[in-house]
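Notes follow the structure.
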Amino acid sequence: MSIQFKTIKQLGKMLNNKEISHVELIQETFSLITKNNHLNAFVTLNEQESLKKAEILDKSPSSSTLAGIPIAQKDLFCTKDLRTTCGSNMLSNFIPPYSATVIENLENAGCISVGKTNMDEFAMGSSNETSFYGNVQNPWGLNLVPGGSSGGSAAAVAAGIVPAASGTDTGGSIRQPASLCGITGLKPTYGRISRWGMIAFASSLDQAGPMTRTAEDCALLLNEMCSHDEKDTTSLDEKIPDFTKNINSSIEGLKIGLVKEFDLSKLDTDVVKVFEESKKHYESLGAKFVEISLPNISLSVPTYYVVAPAECSSNLSRFDGVKFGKRCENPKDLEELYIQTRSEGFGDEVKRRILIGSYVLSAGFYDAYYKKAQQVRRLIKNDFDSAFKNVDVIMSPTTRGAAFEAGSKGDDPIQMYLEDLFTIPANLAGLPAMSIPNGMIEKKPIGLQLIGNFLDESTLLRAAHNYQITTDWHLKTPEVMS
Ligand code: GLN
């Protein structure tokens, strides 16, 4: 029986019923990776190690739900003894001496990390076109982008190669590619998942999360990904619920907020139609809609593009040719070592962000830009706090449209930045948010965004699961190599 497009739950059953052995599952996964090589979803594979782990599981079976489940890891998480590039030339030779906490958590639960997925360089981008390792193709149309920055992870799940992948989301990098590839993706509350061993882009926004076919699988992964970690000072010391527990409870009476300031009339009529249909569907499940106001929401994108570059300019200063990764050839002195290494190691978008970040943090402009952006960020957070007094979740489209053609936004960074119009606010406020497939536009999938209150991933997952057991958008699959 084919393993392609199966969920974690389905694969777990196949393993339990001995319809397939652990080794066979991993072998088939690698055969799917090879057949779909053209997608360029993976940067580095971990075949020998994966087979070894599968052999052990065949010899001494484990009772863990995730035992032997193949997972693709975004190439931004440090993986011990396995190359970690972060999509950059700068780290093309970097082999971490340790694994990120979240990788350890998943592997301790039995997941097998089959490889590292392609991504926008240092997670900066919305189309995977900034990767040093080339574009990723969207399984739904090979001329289309998969979204970004977790584009390789999204493509690998959408092509049915793996049931699950890890992603990270600083301004939308889990939800936007999930929307464009027709899969389910969750960005948890900031601090739920340890950032230890995640290569930092913008530390106050970065958060790891699961990318899967279903909300139920997201919950299964989230159960293992979350932990309190003393090695990350922003890691939350909060009770971690069993996220699968209430997922089946009804959503009768759930109050869903619709943001007055999101002017959907500016979107394609098809996008609006899909969104309206989802509203009707939620209504039929017993949800109630409430109009809410987030008065400062229109400032989200500009605020993000001050805060994120500021933090990235500081975080990326560590890549100096001395400590990590690449070093230029024959520099004549230390200054040239820095300049040459960074000029050769970073791509254009990363350099643009470092320049913007250094500018907004500079003595003369700090108050006008960085300080102001932090103040606006607080206002946006306050808006959400007030809104969540009246609603349980907030709903919007995830993206302004379906997947676009590679190269079509290349010359205009602002157009690319606007890809995250709907996703960025949840990062600025540190709130959990997810994207679930809710329709097709010209044979391309599109997603619905649900934003939850602080630490309330459970309600999001319940709302998403209730939608998925009564619709089939998440079951649609592209025509790919099988
Ligand atoms: N697309 C956004 C950016 O380029 C968000 C990226 C992300 O979430 N990592 O910054």
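Each chain of the structure tokens is named A, B, ... in the order shown, its residues numbered from 1; ligands are numbered from 1 in display order.
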
(request) Could I get the residue neighbourhood of ligand 1 at 10 Å, counting only C-alpha atoms and all ligand atoms, as number ranges by chain? (result) A: 119-128, 130, 147-150, 167-177, 187, 200-202, 205-208, 301, 304-305, 308-309, 312, 349-350, 353, 413, 416-421, 423-424, 427

Wanna dump the region 300-411 of chain A-region 447-466 of chain A contacts at 9 Å for me, each residue with its shortest atom pair and the distance in Å to one decimal, counting only C-alpha atoms, ordered by chain and number, as a tab-separated table?
```
residue	atom	partner	partner_atom	distance
A:Phe384	CA	A:Asn453	CA	8.3
A:Asp385	CA	A:Asn453	CA	8.1
A:Phe388	CA	A:Asn453	CA	6.4
A:Val391	CA	A:Asn453	CA	8.9
A:Asp392	CA	A:Gly452	CA	6.8
A:Val393	CA	A:Gly452	CA	4.8
A:Ile394	CA	A:Ile451	CA	5.0
A:Met395	CA	A:Leu450	CA	4.7
A:Ser396	CA	A:Gln449	CA	5.2
A:Pro397	CA	A:Leu448	CA	4.7
A:Thr398	CA	A:Gln449	CA	4.6
A:Thr399	CA	A:Gly447	CA	7.1
A:Ala402	CA	A:Gly447	CA	8.4
```

Those same residues - N, CA, C and O atoms - I'd like them written as a short mmCIF file (atom, residue, chain, number, x, y, z; two decimals), in the first residue's frame.
```cif
data_model
loop_
_atom_site.label_atom_id
_atom_site.label_comp_id
_atom_site.auth_asym_id
_atom_site.auth_seq_id
_atom_site.Cartn_x
_atom_site.Cartn_y
_atom_site.Cartn_z
N PHE A 384 -5.35 43.44 20.08
CA PHE A 384 -5.73 42.01 20.14
C PHE A 384 -6.28 41.66 21.52
O PHE A 384 -7.27 40.95 21.65
N ASP A 385 -5.60 42.17 22.57
CA ASP A 385 -6.06 41.86 23.93
C ASP A 385 -7.51 42.28 24.11
O ASP A 385 -8.32 41.54 24.67
N PHE A 388 -9.90 39.97 22.07
CA PHE A 388 -10.11 38.62 22.61
C PHE A 388 -10.96 38.61 23.89
O PHE A 388 -11.27 37.55 24.42
N VAL A 391 -14.15 37.58 21.66
CA VAL A 391 -14.18 36.46 20.70
C VAL A 391 -13.21 35.35 21.13
O VAL A 391 -12.31 35.58 21.95
N ASP A 392 -13.41 34.15 20.53
CA ASP A 392 -12.52 33.02 20.84
C ASP A 392 -11.41 32.89 19.80
O ASP A 392 -10.29 32.50 20.13
N VAL A 393 -11.75 33.14 18.57
CA VAL A 393 -10.72 33.13 17.52
C VAL A 393 -11.02 34.27 16.54
O VAL A 393 -12.12 34.81 16.51
N ILE A 394 -10.00 34.61 15.77
CA ILE A 394 -10.16 35.65 14.74
C ILE A 394 -9.88 34.99 13.40
O ILE A 394 -8.93 34.20 13.27
N MET A 395 -10.71 35.30 12.41
CA MET A 395 -10.59 34.60 11.12
C MET A 395 -10.33 35.59 9.98
O MET A 395 -10.90 36.67 9.95
N SER A 396 -9.46 35.18 9.07
CA SER A 396 -9.19 35.99 7.87
C SER A 396 -8.65 35.06 6.80
O SER A 396 -8.30 33.91 7.10
N PRO A 397 -8.53 35.53 5.55
CA PRO A 397 -7.77 34.71 4.61
C PRO A 397 -6.33 34.65 5.12
O PRO A 397 -5.88 35.53 5.87
N THR A 398 -5.57 33.60 4.75
CA THR A 398 -4.16 33.56 5.14
C THR A 398 -3.34 34.45 4.22
O THR A 398 -2.44 35.18 4.66
N THR A 399 -3.68 34.38 2.94
CA THR A 399 -2.89 35.14 1.95
C THR A 399 -3.82 35.94 1.06
O THR A 399 -5.02 35.69 1.01
N ALA A 402 -3.73 32.96 -4.29
CA ALA A 402 -3.10 31.64 -4.36
C ALA A 402 -1.64 31.82 -4.82
O ALA A 402 -1.16 32.95 -5.01
#
```

(message) Taking only region 7-209 of chain A into account, list the residues labelled helix (DSSP H, G or I) by DSSP (computed from the backbone), as a PyMOL selection string.
(response) chain A and resi 8-16+22-35+37-39+47-59+89-91+101-108+121-123+151-158+175-181

Picked from region 174-363 of chain A by DSSP as strand (DSSP E or B), as a compact mmCIF listing (two decimals) with all heavy atoms, in the first residue's frame:
```txt
# COMPACT_ATOMS: atom_id res chain seq x y z
N THR A 184 -1.81 22.15 6.15
CA THR A 184 -2.17 22.76 7.43
C THR A 184 -0.89 23.16 8.16
O THR A 184 0.04 22.36 8.25
CB THR A 184 -2.96 21.71 8.27
OG1 THR A 184 -4.09 21.29 7.51
CG2 THR A 184 -3.42 22.29 9.59
N GLY A 185 -0.85 24.38 8.67
CA GLY A 185 0.35 24.83 9.37
C GLY A 185 -0.01 25.65 10.59
O GLY A 185 -0.97 26.43 10.56
N LEU A 186 0.74 25.46 11.65
CA LEU A 186 0.43 26.16 12.91
C LEU A 186 1.66 26.87 13.46
O LEU A 186 2.72 26.26 13.62
CB LEU A 186 -0.06 25.13 13.94
CG LEU A 186 -0.16 25.58 15.40
CD1 LEU A 186 -1.21 26.68 15.58
CD2 LEU A 186 -0.51 24.41 16.30
N LYS A 187 1.49 28.16 13.71
CA LYS A 187 2.50 28.91 14.47
C LYS A 187 1.98 29.03 15.89
O LYS A 187 0.96 29.67 16.13
CB LYS A 187 2.68 30.32 13.90
CG LYS A 187 3.67 31.13 14.74
CD LYS A 187 3.55 32.63 14.51
CE LYS A 187 2.68 33.32 15.53
NZ LYS A 187 3.25 33.44 16.88
N MET A 198 17.62 27.01 17.03
CA MET A 198 16.99 27.55 15.81
C MET A 198 17.87 28.71 15.39
O MET A 198 18.13 29.59 16.21
CB MET A 198 15.63 28.15 16.20
CG MET A 198 14.44 27.40 15.71
SD MET A 198 12.95 28.13 16.46
CE MET A 198 12.66 29.52 15.36
N GLN A 207 9.21 31.71 15.75
CA GLN A 207 8.60 30.61 16.48
C GLN A 207 8.48 29.40 15.56
O GLN A 207 8.08 29.52 14.41
CB GLN A 207 7.23 31.03 17.02
CG GLN A 207 6.53 30.02 17.90
CD GLN A 207 7.29 29.59 19.15
OE1 GLN A 207 6.99 28.58 19.75
NE2 GLN A 207 8.29 30.34 19.58
N ALA A 208 8.88 28.24 16.08
CA ALA A 208 8.77 27.00 15.30
C ALA A 208 7.36 26.45 15.38
O ALA A 208 6.61 26.79 16.29
CB ALA A 208 9.75 25.97 15.85
N GLY A 209 7.02 25.59 14.43
CA GLY A 209 5.70 24.96 14.47
C GLY A 209 5.59 23.83 13.47
O GLY A 209 6.46 23.64 12.63
N PRO A 210 4.49 23.08 13.58
CA PRO A 210 4.28 21.92 12.70
C PRO A 210 3.59 22.27 11.38
O PRO A 210 2.76 23.17 11.32
CB PRO A 210 3.36 21.02 13.53
CG PRO A 210 2.61 21.95 14.43
CD PRO A 210 3.46 23.17 14.64
N MET A 211 3.94 21.52 10.32
CA MET A 211 3.27 21.63 9.03
C MET A 211 2.87 20.21 8.62
O MET A 211 3.73 19.34 8.51
CB MET A 211 4.23 22.25 7.99
CG MET A 211 4.73 23.61 8.45
SD MET A 211 5.96 24.33 7.35
CE MET A 211 4.90 25.02 6.06
N THR A 212 1.58 20.00 8.44
CA THR A 212 1.06 18.65 8.24
C THR A 212 -0.10 18.69 7.25
O THR A 212 -0.42 19.75 6.71
CB THR A 212 0.53 18.08 9.58
OG1 THR A 212 -0.45 19.00 10.06
CG2 THR A 212 1.62 17.93 10.62
N LYS A 255 -17.19 31.89 19.27
CA LYS A 255 -17.30 33.27 18.74
C LYS A 255 -16.10 33.59 17.86
O LYS A 255 -14.96 33.59 18.34
CB LYS A 255 -17.41 34.25 19.90
CG LYS A 255 -18.84 34.29 20.45
CD LYS A 255 -19.04 35.45 21.39
CE LYS A 255 -18.87 34.95 22.80
NZ LYS A 255 -18.62 35.85 23.82
N ILE A 256 -16.37 33.85 16.61
CA ILE A 256 -15.29 34.11 15.65
C ILE A 256 -15.29 35.59 15.29
O ILE A 256 -16.31 36.14 14.84
CB ILE A 256 -15.45 33.27 14.37
CG1 ILE A 256 -15.49 31.77 14.72
CG2 ILE A 256 -14.31 33.56 13.39
CD1 ILE A 256 -15.57 30.85 13.51
N GLY A 257 -14.16 36.24 15.47
CA GLY A 257 -14.04 37.66 15.16
C GLY A 257 -13.67 37.89 13.70
O GLY A 257 -12.84 37.18 13.14
N LEU A 258 -14.32 38.89 13.11
CA LEU A 258 -13.96 39.30 11.75
C LEU A 258 -13.43 40.73 11.86
O LEU A 258 -14.11 41.60 12.43
CB LEU A 258 -15.18 39.26 10.84
CG LEU A 258 -15.78 37.87 10.61
CD1 LEU A 258 -17.09 37.98 9.84
CD2 LEU A 258 -14.80 36.97 9.86
N VAL A 259 -12.27 40.95 11.34
CA VAL A 259 -11.58 42.22 11.56
C VAL A 259 -12.13 43.29 10.61
O VAL A 259 -12.00 43.18 9.39
CB VAL A 259 -10.06 42.07 11.34
CG1 VAL A 259 -9.34 43.37 11.68
CG2 VAL A 259 -9.51 40.92 12.17
N LYS A 288 -20.52 31.63 15.82
CA LYS A 288 -21.18 32.94 15.70
C LYS A 288 -20.13 33.96 15.28
O LYS A 288 -19.00 33.94 15.81
CB LYS A 288 -21.73 33.40 17.06
CG LYS A 288 -22.70 32.43 17.70
CD LYS A 288 -24.14 32.82 17.37
CE LYS A 288 -25.16 31.80 17.83
NZ LYS A 288 -25.10 30.47 17.20
N PHE A 289 -20.48 34.85 14.38
CA PHE A 289 -19.52 35.86 13.94
C PHE A 289 -19.73 37.19 14.64
O PHE A 289 -20.86 37.61 14.86
CB PHE A 289 -19.59 36.03 12.42
CG PHE A 289 -18.95 34.88 11.72
CD1 PHE A 289 -19.71 33.83 11.22
CD2 PHE A 289 -17.57 34.81 11.61
CE1 PHE A 289 -19.11 32.74 10.62
CE2 PHE A 289 -16.96 33.72 11.01
CZ PHE A 289 -17.73 32.68 10.51
N VAL A 290 -18.62 37.80 15.00
CA VAL A 290 -18.67 39.07 15.71
C VAL A 290 -17.69 40.00 14.99
O VAL A 290 -16.55 39.61 14.74
CB VAL A 290 -18.18 38.90 17.17
CG1 VAL A 290 -18.24 40.21 17.93
CG2 VAL A 290 -18.94 37.80 17.89
N GLU A 291 -18.15 41.21 14.66
CA GLU A 291 -17.19 42.16 14.05
C GLU A 291 -16.31 42.74 15.15
O GLU A 291 -16.80 43.13 16.21
CB GLU A 291 -17.93 43.27 13.32
CG GLU A 291 -16.96 44.11 12.51
CD GLU A 291 -17.63 45.25 11.76
OE1 GLU A 291 -17.92 46.28 12.41
OE2 GLU A 291 -17.84 45.10 10.55
N ILE A 292 -15.01 42.76 14.90
CA ILE A 292 -14.10 43.34 15.89
C ILE A 292 -13.26 44.42 15.22
O ILE A 292 -13.12 44.44 13.99
CB ILE A 292 -13.15 42.29 16.51
CG1 ILE A 292 -12.36 41.57 15.40
CG2 ILE A 292 -13.89 41.31 17.38
CD1 ILE A 292 -11.12 40.89 15.90
```

(request) Extract, using only C-alpha atoms, all DNA, RNA and protein residues at most 7 Å from region 50-55 of chain A, discarding same-chain residues fewer than 4 positions from it, and format them as a list in words. (result) His22, Val23, Ile26, Asn46, Lys59, Gly68, Ile112, Ser113 and Val114 of chain A

Create the file for the chosen residues now, containing all heavy atoms and written as a JSON list (two decimals), in the first residue's frame.
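What ended up in selection-v3.json:
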```
[["chain", "number", "residue", "atom", "x", "y", "z"],
["A", 22, "HIS", "N", 9.04, -0.55, 9.64],
["A", 22, "HIS", "CA", 9.67, 0.76, 9.78],
["A", 22, "HIS", "C", 10.67, 1.01, 8.66],
["A", 22, "HIS", "O", 10.71, 2.09, 8.08],
["A", 22, "HIS", "CB", 10.35, 0.87, 11.15],
["A", 22, "HIS", "CG", 9.37, 1.06, 12.28],
["A", 22, "HIS", "ND1", 8.80, 2.27, 12.55],
["A", 22, "HIS", "CD2", 8.85, 0.18, 13.17],
["A", 22, "HIS", "CE1", 7.98, 2.14, 13.58],
["A", 22, "HIS", "NE2", 7.98, 0.89, 13.97],
["A", 23, "VAL", "N", 11.44, -0.03, 8.36],
["A", 23, "VAL", "CA", 12.44, 0.14, 7.30],
["A", 23, "VAL", "C", 11.76, 0.39, 5.96],
["A", 23, "VAL", "O", 12.16, 1.28, 5.20],
["A", 23, "VAL", "CB", 13.38, -1.10, 7.24],
["A", 23, "VAL", "CG1", 14.22, -1.08, 5.97],
["A", 23, "VAL", "CG2", 14.28, -1.14, 8.47],
["A", 26, "ILE", "N", 10.62, 3.97, 5.66],
["A", 26, "ILE", "CA", 11.70, 4.92, 5.37],
["A", 26, "ILE", "C", 12.21, 4.73, 3.94],
["A", 26, "ILE", "O", 12.46, 5.72, 3.22],
["A", 26, "ILE", "CB", 12.83, 4.77, 6.42],
["A", 26, "ILE", "CG1", 12.32, 5.17, 7.81],
["A", 26, "ILE", "CG2", 14.06, 5.60, 6.05],
["A", 26, "ILE", "CD1", 11.77, 6.60, 7.92],
["A", 46, "ASN", "N", 19.20, 12.52, 4.95],
["A", 46, "ASN", "CA", 19.74, 11.83, 6.13],
["A", 46, "ASN", "C", 19.40, 10.34, 6.04],
["A", 46, "ASN", "O", 18.85, 9.76, 6.97],
["A", 46, "ASN", "CB", 19.10, 12.47, 7.38],
["A", 46, "ASN", "CG", 19.78, 12.08, 8.66],
["A", 46, "ASN", "OD1", 20.96, 11.75, 8.66],
["A", 46, "ASN", "ND2", 19.04, 12.09, 9.76],
["A", 59, "LYS", "N", 13.29, -3.88, 15.26],
["A", 59, "LYS", "CA", 13.76, -4.91, 16.22],
["A", 59, "LYS", "C", 13.11, -4.74, 17.58],
["A", 59, "LYS", "O", 12.69, -5.70, 18.20],
["A", 59, "LYS", "CB", 15.29, -4.81, 16.37],
["A", 59, "LYS", "CG", 15.98, -5.50, 15.22],
["A", 59, "LYS", "CD", 17.45, -5.76, 15.52],
["A", 59, "LYS", "CE", 18.19, -6.02, 14.23],
["A", 59, "LYS", "NZ", 19.23, -5.03, 13.92],
["A", 68, "GLY", "N", 8.84, 6.23, 14.49],
["A", 68, "GLY", "CA", 9.11, 5.85, 13.10],
["A", 68, "GLY", "C", 8.47, 6.76, 12.07],
["A", 68, "GLY", "O", 8.59, 6.52, 10.86],
["A", 112, "ILE", "N", 11.55, 10.32, 12.80],
["A", 112, "ILE", "CA", 12.81, 10.13, 12.09],
["A", 112, "ILE", "C", 13.01, 11.32, 11.14],
["A", 112, "ILE", "O", 12.21, 11.55, 10.23],
["A", 112, "ILE", "CB", 12.80, 8.79, 11.32],
["A", 112, "ILE", "CG1", 12.68, 7.64, 12.33],
["A", 112, "ILE", "CG2", 14.05, 8.66, 10.45],
["A", 112, "ILE", "CD1", 12.74, 6.25, 11.73],
["A", 113, "SER", "N", 14.08, 12.07, 11.39],
["A", 113, "SER", "CA", 14.36, 13.26, 10.56],
["A", 113, "SER", "C", 15.01, 12.79, 9.26],
["A", 113, "SER", "O", 16.19, 12.46, 9.24],
["A", 113, "SER", "CB", 15.32, 14.21, 11.29],
["A", 113, "SER", "OG", 14.82, 14.54, 12.56],
["A", 114, "VAL", "N", 14.23, 12.77, 8.18],
["A", 114, "VAL", "CA", 14.74, 12.19, 6.93],
["A", 114, "VAL", "C", 15.61, 13.16, 6.14],
["A", 114, "VAL", "O", 16.38, 12.74, 5.27],
["A", 114, "VAL", "CB", 13.60, 11.65, 6.04],
["A", 114, "VAL", "CG1", 12.94, 10.45, 6.68],
["A", 114, "VAL", "CG2", 12.59, 12.74, 5.72]]
```

Contacts between region 83-92 of chain A and region 318-407 of chain A, please, where a residue of region 318-407 of chain A counts if it comes within 6 Å (with only C-alpha atoms); show its shortest atom pair and distance in Å to one decimal, rows by chain and ascending number, as a tab-separated table.
```
residue	atom	partner	partner_atom	distance
A:Gly325	CA	A:Leu91	CA	4.5
A:Lys326	CA	A:Met90	CA	5.1
A:Gly345	CA	A:Met90	CA	4.1
```

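Across the model, the gap from CA of Ser386 (chain A) to CA of Asn296 (chain A) is 12.3 Å.
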
(message) Restricting the calculation to only C-alpha atoms: of A:Ile354, A:Gln468, A:Glu405, A:Arg400, which residue gets closest to Leu264 (chain A)?
(response) A:Arg400

Mind running region 158-205 of chain A against region 238-241 of chain A at 12 Å and telling me each contacting residue's nearest atom pair with the distance in Å (one decimal), counting only C-alpha atoms, chain and number ascending, as JSON lines?
```
{"residue": "A:Pro188", "atom": "CA", "partner": "A:Ile240", "partner_atom": "CA", "distance": 11.8}
{"residue": "A:Thr189", "atom": "CA", "partner": "A:Glu238", "partner_atom": "CA", "distance": 11.2}
{"residue": "A:Tyr190", "atom": "CA", "partner": "A:Glu238", "partner_atom": "CA", "distance": 11.9}
{"residue": "A:Gly191", "atom": "CA", "partner": "A:Glu238", "partner_atom": "CA", "distance": 9.5}
{"residue": "A:Arg192", "atom": "CA", "partner": "A:Glu238", "partner_atom": "CA", "distance": 8.1}
{"residue": "A:Ile193", "atom": "CA", "partner": "A:Ile240", "partner_atom": "CA", "distance": 10.4}
```

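For the set A:Leu294, A:Leu57, A:Ala165, A:Val145, the residue with the smallest atom-to-atom gap to Phe42 (chain A) is A:Ala165, counting only C-alpha atoms.
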
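The shortest atom-to-atom distance to Asp383 (chain A), with only C-alpha atoms taken into account, belongs to A:Ser298 out of A:Ser298, A:Ser343, A:Ser435, A:Thr79.
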
(request) Name all residues at most 10 Å from Phe404 (chain A) (count only C-alpha atoms; drop same-chain ones fewer than 4 positions away) and give them as a list in words. (result) Ser127, Asn138, Gly141, Asn143, Leu144, Val145, Pro146, Gly147, Leu180, Ser408, Lys409 and Lys444 of chain A

Skip Gly152 (chain A) itself and residues of its chain fewer than 2 positions away, then list as an mmCIF file with all heavy atoms, in the first residue's frame all residues within 7 Å of it, counting only C-alpha atoms.
```cif
data_model
loop_
_atom_site.group_PDB
_atom_site.id
_atom_site.type_symbol
_atom_site.label_atom_id
_atom_site.label_comp_id
_atom_site.auth_asym_id
_atom_site.auth_seq_id
_atom_site.Cartn_x
_atom_site.Cartn_y
_atom_site.Cartn_z
ATOM 1 N N ALA A 41 12.900 20.305 -2.881
ATOM 2 C CA ALA A 41 12.392 20.571 -1.531
ATOM 3 C C ALA A 41 13.440 20.307 -0.448
ATOM 4 O O ALA A 41 13.355 20.854 0.641
ATOM 5 C CB ALA A 41 11.144 19.722 -1.263
ATOM 6 N N PHE A 42 14.409 19.450 -0.756
ATOM 7 C CA PHE A 42 15.411 19.099 0.262
ATOM 8 C C PHE A 42 16.791 19.649 -0.099
ATOM 9 O O PHE A 42 17.173 19.652 -1.267
ATOM 10 C CB PHE A 42 15.515 17.572 0.396
ATOM 11 C CG PHE A 42 14.325 16.953 1.077
ATOM 12 C CD1 PHE A 42 13.180 16.617 0.342
ATOM 13 C CD2 PHE A 42 14.326 16.719 2.444
ATOM 14 C CE1 PHE A 42 12.078 16.055 0.976
ATOM 15 C CE2 PHE A 42 13.223 16.162 3.083
ATOM 16 C CZ PHE A 42 12.097 15.831 2.346
ATOM 17 N N THR A 117 14.987 20.657 4.852
ATOM 18 C CA THR A 117 14.260 21.243 3.713
ATOM 19 C C THR A 117 14.757 22.630 3.328
ATOM 20 O O THR A 117 15.174 23.438 4.165
ATOM 21 C CB THR A 117 12.746 21.316 4.002
ATOM 22 O OG1 THR A 117 12.539 22.058 5.200
ATOM 23 C CG2 THR A 117 12.148 19.934 4.137
ATOM 24 N N ASN A 118 14.639 22.866 2.042
ATOM 25 C CA ASN A 118 15.032 24.120 1.428
ATOM 26 C C ASN A 118 14.173 25.276 1.982
ATOM 27 O O ASN A 118 13.046 25.063 2.429
ATOM 28 C CB ASN A 118 14.829 23.996 -0.086
ATOM 29 C CG ASN A 118 15.693 24.945 -0.866
ATOM 30 O OD1 ASN A 118 16.237 25.909 -0.326
ATOM 31 N ND2 ASN A 118 15.827 24.683 -2.154
ATOM 32 N N MET A 119 14.713 26.451 1.942
ATOM 33 C CA MET A 119 14.033 27.594 2.573
ATOM 34 C C MET A 119 14.624 28.895 2.044
ATOM 35 O O MET A 119 15.734 28.907 1.502
ATOM 36 C CB MET A 119 14.253 27.537 4.082
ATOM 37 C CG MET A 119 15.737 27.444 4.470
ATOM 38 S SD MET A 119 15.996 27.416 6.241
ATOM 39 C CE MET A 119 15.794 29.159 6.626
ATOM 40 N N VAL A 136 12.279 26.378 -4.845
ATOM 41 C CA VAL A 136 11.502 25.158 -4.638
ATOM 42 C C VAL A 136 10.286 25.264 -5.548
ATOM 43 O O VAL A 136 9.717 26.351 -5.697
ATOM 44 C CB VAL A 136 11.051 25.040 -3.168
ATOM 45 C CG1 VAL A 136 10.082 23.887 -2.980
ATOM 46 C CG2 VAL A 136 12.259 24.875 -2.255
ATOM 47 N N SER A 150 9.268 28.724 4.744
ATOM 48 C CA SER A 150 9.330 27.263 4.923
ATOM 49 C C SER A 150 8.788 26.554 3.679
ATOM 50 O O SER A 150 7.959 25.637 3.780
ATOM 51 C CB SER A 150 8.526 26.842 6.158
ATOM 52 O OG SER A 150 8.830 27.652 7.274
ATOM 53 N N ALA A 154 6.786 22.862 3.155
ATOM 54 C CA ALA A 154 5.411 22.848 2.646
ATOM 55 C C ALA A 154 5.304 21.975 1.400
ATOM 56 O O ALA A 154 4.369 21.176 1.263
ATOM 57 C CB ALA A 154 4.954 24.274 2.334
ATOM 58 N N ALA A 155 6.293 22.091 0.496
ATOM 59 C CA ALA A 155 6.252 21.315 -0.747
ATOM 60 C C ALA A 155 6.383 19.820 -0.455
ATOM 61 O O ALA A 155 5.707 18.996 -1.071
ATOM 62 C CB ALA A 155 7.362 21.774 -1.695
ATOM 63 N N ALA A 156 7.234 19.460 0.504
ATOM 64 C CA ALA A 156 7.454 18.042 0.825
ATOM 65 C C ALA A 156 6.170 17.409 1.377
ATOM 66 O O ALA A 156 5.834 16.274 1.050
ATOM 67 C CB ALA A 156 8.598 17.892 1.828
#
```

Non-local contacts of Val307 (chain A) (8 Å; only C-alpha atoms; under 5 positions in same chain excluded) as a PDB file with all heavy atoms, in the first residue's frame:
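Ended up saving to selection.pdb:
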```pdb
ATOM      1  N   ALA A 202      14.712  36.953  13.614  1.00  0.00           N
ATOM      2  CA  ALA A 202      14.278  38.060  14.468  1.00  0.00           C
ATOM      3  C   ALA A 202      13.765  37.439  15.771  1.00  0.00           C
ATOM      4  O   ALA A 202      12.641  36.946  15.836  1.00  0.00           O
ATOM      5  CB  ALA A 202      13.186  38.859  13.775  1.00  0.00           C
ATOM      6  N   GLY A 357      18.185  47.215   8.813  1.00  0.00           N
ATOM      7  CA  GLY A 357      18.284  47.030  10.268  1.00  0.00           C
ATOM      8  C   GLY A 357      19.350  47.915  10.885  1.00  0.00           C
ATOM      9  O   GLY A 357      19.125  48.541  11.930  1.00  0.00           O
ATOM     10  N   TYR A 370      13.097  52.525  15.270  1.00  0.00           N
ATOM     11  CA  TYR A 370      13.025  51.310  16.089  1.00  0.00           C
ATOM     12  C   TYR A 370      12.138  51.511  17.318  1.00  0.00           C
ATOM     13  O   TYR A 370      11.233  50.718  17.578  1.00  0.00           O
ATOM     14  CB  TYR A 370      14.431  50.852  16.501  1.00  0.00           C
ATOM     15  CG  TYR A 370      14.403  49.522  17.189  1.00  0.00           C
ATOM     16  CD1 TYR A 370      14.053  48.370  16.484  1.00  0.00           C
ATOM     17  CD2 TYR A 370      14.671  49.418  18.548  1.00  0.00           C
ATOM     18  CE1 TYR A 370      13.988  47.135  17.112  1.00  0.00           C
ATOM     19  CE2 TYR A 370      14.607  48.177  19.184  1.00  0.00           C
ATOM     20  CZ  TYR A 370      14.270  47.048  18.464  1.00  0.00           C
ATOM     21  OH  TYR A 370      14.197  45.831  19.079  1.00  0.00           O
ATOM     22  N   ALA A 373       8.574  51.836  16.281  1.00  0.00           N
ATOM     23  CA  ALA A 373       8.013  50.533  15.866  1.00  0.00           C
ATOM     24  C   ALA A 373       7.654  49.687  17.089  1.00  0.00           C
ATOM     25  O   ALA A 373       6.607  49.032  17.127  1.00  0.00           O
ATOM     26  CB  ALA A 373       9.003  49.790  14.982  1.00  0.00           C
ATOM     27  N   GLN A 374       8.500  49.733  18.108  1.00  0.00           N
ATOM     28  CA  GLN A 374       8.198  48.961  19.326  1.00  0.00           C
ATOM     29  C   GLN A 374       6.934  49.490  20.002  1.00  0.00           C
ATOM     30  O   GLN A 374       6.142  48.722  20.544  1.00  0.00           O
ATOM     31  CB  GLN A 374       9.372  49.031  20.322  1.00  0.00           C
ATOM     32  CG  GLN A 374      10.627  48.327  19.863  1.00  0.00           C
ATOM     33  CD  GLN A 374      10.477  46.798  19.802  1.00  0.00           C
ATOM     34  OE1 GLN A 374       9.390  46.270  19.655  1.00  0.00           O
ATOM     35  NE2 GLN A 374      11.595  46.099  19.893  1.00  0.00           N
TER      36      GLN A 374
END
```

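Once Glu329 (chain A) and its same-chain neighbours fewer than 5 positions away are set aside, Leu337, Gln340 and Thr341 of chain A remain within 9 Å of it when counting only C-alpha atoms.
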
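Picture a line from CA of Met440 (chain A) to CA of Leu299 (chain A); it runs 29.5 Å.
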